[in-house]
Amino acid sequence: MRLRFMIGSLLFTLLPVISFVGQPPPHNAADPVTIQQIRWALNHTPEIPEQIQKTNQELIAAIASRGVNFVLSPEEEWALTLRDASDELIKAIRNATPPEERERLLSIREQEGLYYTFVSNYSRNDVTSKRIALDAGKEFVRKYRNDANVAEIIAYFQRAVPALERSIRFMTPRSRGRPRTN
């Protein structure tokens, strides 16, 4: 009896969550189209060519009237194509943001990704993680050393990267690559 009550209580608690999962992401008619709305529409379109084409055309019309609040990397464009996004839809998304703004936003996203990769691996205690952090730090400095917007991060990386290299050398056994002497 008690178990039945607990299961009933759990289902009653989860019912609103379960019913929300199948619903499209909420939006206001004046708000820009989100990537979540596009993914939801493509994922919930029946695998019928006419339906796929209709969904793509509806999304293109929505983007034309409302714009978008995101930019797509080439990898994200490819991922949407795998979800049946048409070339025209990808082009509409790409053209919804001016080219200079698109490049700026993609650059910021890449900076954030490199920074996150660095900081999430820097303090770990294994050589592989430290090498991942080192590569991300070097890449950030190489690509963005002349960007005044990230000057403080560059200065930090220029101090942290040599220390990280020393840490990796310390963690790596010295006998690798050297002949043994008896």
# chains A, B, ... in the order shown; residues from 1 in each chain; ligands from 1

call {"tool": "residues_around", "arguments": {"residues": "A:Tyr122", "least_positions_apart": "5", "cutoff": "7 Å", "atoms": "only C-alpha atoms", "output": "list in words"}}
result
Ser129, Lys130 and Ala133 of chain A

call {"tool": "residues_around", "arguments": {"residues": "A:Glu77", "least_positions_apart": "2", "cutoff": "12 Å", "atoms": "only C-alpha atoms", "output": "list in words"}}
result
Ile35, Ile38, Arg39, Phe70, Val71, Leu72, Ser73, Pro74, Glu75, Ala79, Leu80, Thr81, Leu82, Arg83, Asp84, Ala85, Ser86, Asp87, Glu88, Leu89, Ile90, Lys91, Ala92, Ile93 and Arg94 of chain A

call {"tool": "residues_around", "arguments": {"residues": "stretch 95-97 of chain A", "least_positions_apart": "6", "cutoff": "8 Å", "atoms": "only C-alpha atoms", "output": "number ranges by chain"}}
result
A: 63-64, 67-68, 71

call {"tool": "write_last_selection", "arguments": {"atoms": "C-alpha atoms", "output": "short mmCIF file (atom, residue, chain, number, x, y, z; two decimals), in the first residue's frame"}}
result
data_model
loop_
_atom_site.label_atom_id
_atom_site.label_comp_id
_atom_site.auth_asym_id
_atom_site.auth_seq_id
_atom_site.Cartn_x
_atom_site.Cartn_y
_atom_site.Cartn_z
CA ILE A 63 13.21 33.69 -39.71
CA ALA A 64 12.39 36.26 -42.41
CA GLY A 67 15.10 37.00 -37.29
CA VAL A 68 17.25 34.73 -35.12
CA VAL A 71 24.67 32.07 -35.23
#

call {"tool": "atom_distance", "arguments": {"atom1": "atom CA of A:Arg166", "atom2": "atom CA of A:Phe140"}}
result
19.0 Å

call {"tool": "closest_residue", "arguments": {"among": "A:Pro49, A:Leu59, A:Tyr156, A:Lys54", "to": "A:Val33", "atoms": "only C-alpha atoms"}}
result
A:Leu59

call {"tool": "closest_residue", "arguments": {"among": "A:Glu50, A:Asp31, A:Glu101, A:Glu110", "to": "A:Ala136", "atoms": "only C-alpha atoms"}}
result
A:Glu110

call {"tool": "atom_distance", "arguments": {"atom1": "atom CA of A:Phe118", "atom2": "atom CA of A:Asp135"}}
result
8.1 Å

call {"tool": "select_by_dssp", "arguments": {"residues": "stretch 25-168 of chain A", "states": "helix (DSSP H, G or I)", "output": "ChimeraX atom specification"}}
result
/A:35-43,49-66,74-82,87-95,99-122,127-144,148-168

call {"tool": "residues_around", "arguments": {"residues": "A:Phe157", "least_positions_apart": "4", "cutoff": "12 Å", "atoms": "only C-alpha atoms", "output": "list in words"}}
result
Leu114, Tyr115, Phe118, Val119, Tyr122, Ala133, Leu134, Asp135, Ala136, Gly137, Lys138, Glu139, Phe140, Val141, Arg142, Tyr144, Arg145, Val150, Ala151, Glu152, Ile153, Val161, Pro162, Ala163, Leu164 and Glu165 of chain A

call {"tool": "closest_residue", "arguments": {"among": "A:Gln53, A:Ser107, A:Ser167, A:Asn149", "to": "A:Arg131", "atoms": "only C-alpha atoms"}}
result
A:Ser167

call {"tool": "atom_distance", "arguments": {"atom1": "atom CA of A:Ile168", "atom2": "atom CA of A:Ala155"}}
result
20.5 Å
